[in-house]
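See structure below.
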Amino acid sequence: MSIQSISQPKNEVPLETMPPLSLDEFRRQTGLSPVSLWRFRKRGWLKTIVIAGRHYVSREAIAEFNRRAAAGEFAGNIANTSAARVKNSKK
């Protein structure tokens with residue numbers, strides 16, 4: 001028995017054979033805001049591909065993002081520059 005047959009159920013389609021999702025569809029399905037997705041892409045947390053000027057997310061990239069998020073790689077605070085500006089203007 002090969003390793004691939006052990007690790008992958010027979011009824012499951014491999015991720016690399018599934019078509020990519022448009023970034024807009026991914027946003028609708030996840031409920032993430034456009035700004036959050038922009039930040040994730042800018043930081044390299046979510047890898048996208050550009051096809052004809054539109055951003056798409058591969059199923060492999062989604063799986064990698066979910067794995068890294070579950071492992072706590074993205075834990076921490078994101079600076080809120082708007083709140084910092086308001087706080088500094090009151091001084």
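Chains: A, B, ... in order of the structure tokens. Residues: from 1 per chain. Ligands: from 1, in order shown.
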| message | For stretch 50-52 of chain A, find every residue with an atom within 12 Å (counting only C-alpha atoms), except residues of its own chain fewer than 2 positions away, and show them as an NGL selection string. | response | :A and (20-23 or 47-48 or 54-58)
| query | Could you pull out all residues of stretch 5-78 of chain A with a DSSP call of alpha helix (DSSP H) and give them as a PyMOL selection string? | reply | chain A and resi 5-7+23-30+34-42+59-70
Take the residues from that selection and write them out as a CSV table (one decimal), in the first residue's frame, keeping N, CA and C atoms.
chain,number,residue,atom,x,y,z
A,5,SER,N,-2.1,6.5,-0.6
A,5,SER,CA,-3.4,5.9,-0.4
A,5,SER,C,-3.8,5.8,1.1
A,6,ILE,N,-2.8,5.8,1.9
A,6,ILE,CA,-3.0,5.9,3.4
A,6,ILE,C,-3.4,7.3,3.8
A,7,SER,N,-2.8,8.3,3.3
A,7,SER,CA,-3.0,9.6,3.8
A,7,SER,C,-4.2,10.3,3.2
A,23,LEU,N,-10.9,35.8,-5.3
A,23,LEU,CA,-10.7,36.4,-4.0
A,23,LEU,C,-12.0,36.9,-3.4
A,24,ASP,N,-12.9,37.4,-4.3
A,24,ASP,CA,-14.2,37.9,-3.9
A,24,ASP,C,-15.1,36.7,-3.4
A,25,GLU,N,-15.0,35.6,-4.0
A,25,GLU,CA,-15.8,34.4,-3.6
A,25,GLU,C,-15.2,33.9,-2.3
A,26,PHE,N,-13.9,33.9,-2.1
A,26,PHE,CA,-13.3,33.5,-0.9
A,26,PHE,C,-13.7,34.4,0.3
A,27,ARG,N,-13.7,35.7,0.0
A,27,ARG,CA,-14.2,36.7,1.0
A,27,ARG,C,-15.6,36.4,1.4
A,28,ARG,N,-16.5,36.2,0.4
A,28,ARG,CA,-17.9,35.9,0.8
A,28,ARG,C,-18.0,34.6,1.6
A,29,GLN,N,-17.3,33.6,1.3
A,29,GLN,CA,-17.4,32.3,2.0
A,29,GLN,C,-16.9,32.4,3.4
A,30,THR,N,-15.8,33.2,3.6
A,30,THR,CA,-15.2,33.3,4.9
A,30,THR,C,-15.7,34.4,5.8
A,34,PRO,N,-12.6,43.0,3.1
A,34,PRO,CA,-11.6,43.2,2.1
A,34,PRO,C,-10.3,43.7,2.7
A,35,VAL,N,-10.3,44.5,3.7
A,35,VAL,CA,-9.1,45.1,4.3
A,35,VAL,C,-8.3,44.0,5.0
A,36,SER,N,-9.0,43.0,5.7
A,36,SER,CA,-8.2,41.9,6.3
A,36,SER,C,-7.5,41.1,5.2
A,37,LEU,N,-8.2,40.8,4.1
A,37,LEU,CA,-7.6,40.0,3.1
A,37,LEU,C,-6.4,40.8,2.5
A,38,TRP,N,-6.6,42.1,2.3
A,38,TRP,CA,-5.4,42.9,1.8
A,38,TRP,C,-4.2,42.8,2.7
A,39,ARG,N,-4.5,42.9,4.0
A,39,ARG,CA,-3.4,42.8,5.0
A,39,ARG,C,-2.7,41.4,4.9
A,40,PHE,N,-3.6,40.4,4.9
A,40,PHE,CA,-3.1,39.0,4.9
A,40,PHE,C,-2.2,38.8,3.6
A,41,ARG,N,-2.6,39.3,2.5
A,41,ARG,CA,-1.8,39.2,1.2
A,41,ARG,C,-0.6,40.0,1.4
A,42,LYS,N,-0.6,41.2,1.9
A,42,LYS,CA,0.5,42.1,2.0
A,42,LYS,C,1.6,41.5,2.9
A,59,ARG,N,-6.8,26.3,-3.7
A,59,ARG,CA,-7.2,25.5,-2.5
A,59,ARG,C,-6.0,25.1,-1.7
A,60,GLU,N,-4.9,24.9,-2.3
A,60,GLU,CA,-3.7,24.6,-1.5
A,60,GLU,C,-3.3,25.8,-0.6
A,61,ALA,N,-3.4,27.0,-1.2
A,61,ALA,CA,-3.1,28.2,-0.4
A,61,ALA,C,-4.0,28.4,0.8
A,62,ILE,N,-5.3,28.1,0.6
A,62,ILE,CA,-6.3,28.1,1.7
A,62,ILE,C,-5.9,27.1,2.7
A,63,ALA,N,-5.6,25.9,2.3
A,63,ALA,CA,-5.2,24.8,3.3
A,63,ALA,C,-4.0,25.2,4.1
A,64,GLU,N,-3.0,25.8,3.4
A,64,GLU,CA,-1.8,26.3,4.1
A,64,GLU,C,-2.1,27.4,5.1
A,65,PHE,N,-2.9,28.4,4.7
A,65,PHE,CA,-3.3,29.5,5.5
A,65,PHE,C,-4.0,28.9,6.8
A,66,ASN,N,-4.9,28.0,6.6
A,66,ASN,CA,-5.7,27.4,7.7
A,66,ASN,C,-4.7,26.6,8.6
A,67,ARG,N,-3.8,25.9,8.1
A,67,ARG,CA,-2.8,25.1,8.9
A,67,ARG,C,-2.0,26.1,9.7
A,68,ARG,N,-1.5,27.1,9.1
A,68,ARG,CA,-0.6,28.1,9.8
A,68,ARG,C,-1.4,28.8,10.9
A,69,ALA,N,-2.7,29.2,10.6
A,69,ALA,CA,-3.5,29.9,11.6
A,69,ALA,C,-3.8,28.9,12.8
A,70,ALA,N,-4.1,27.7,12.5
A,70,ALA,CA,-4.3,26.7,13.6
A,70,ALA,C,-3.1,26.5,14.4
| Counting only C-alpha atoms, the option among A:Pro14, A:Trp45, A:Gly53, A:Gly31 closest to A:Ala75 |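 With only C-alpha atoms as the atom set, the closest residue is A:Trp45.
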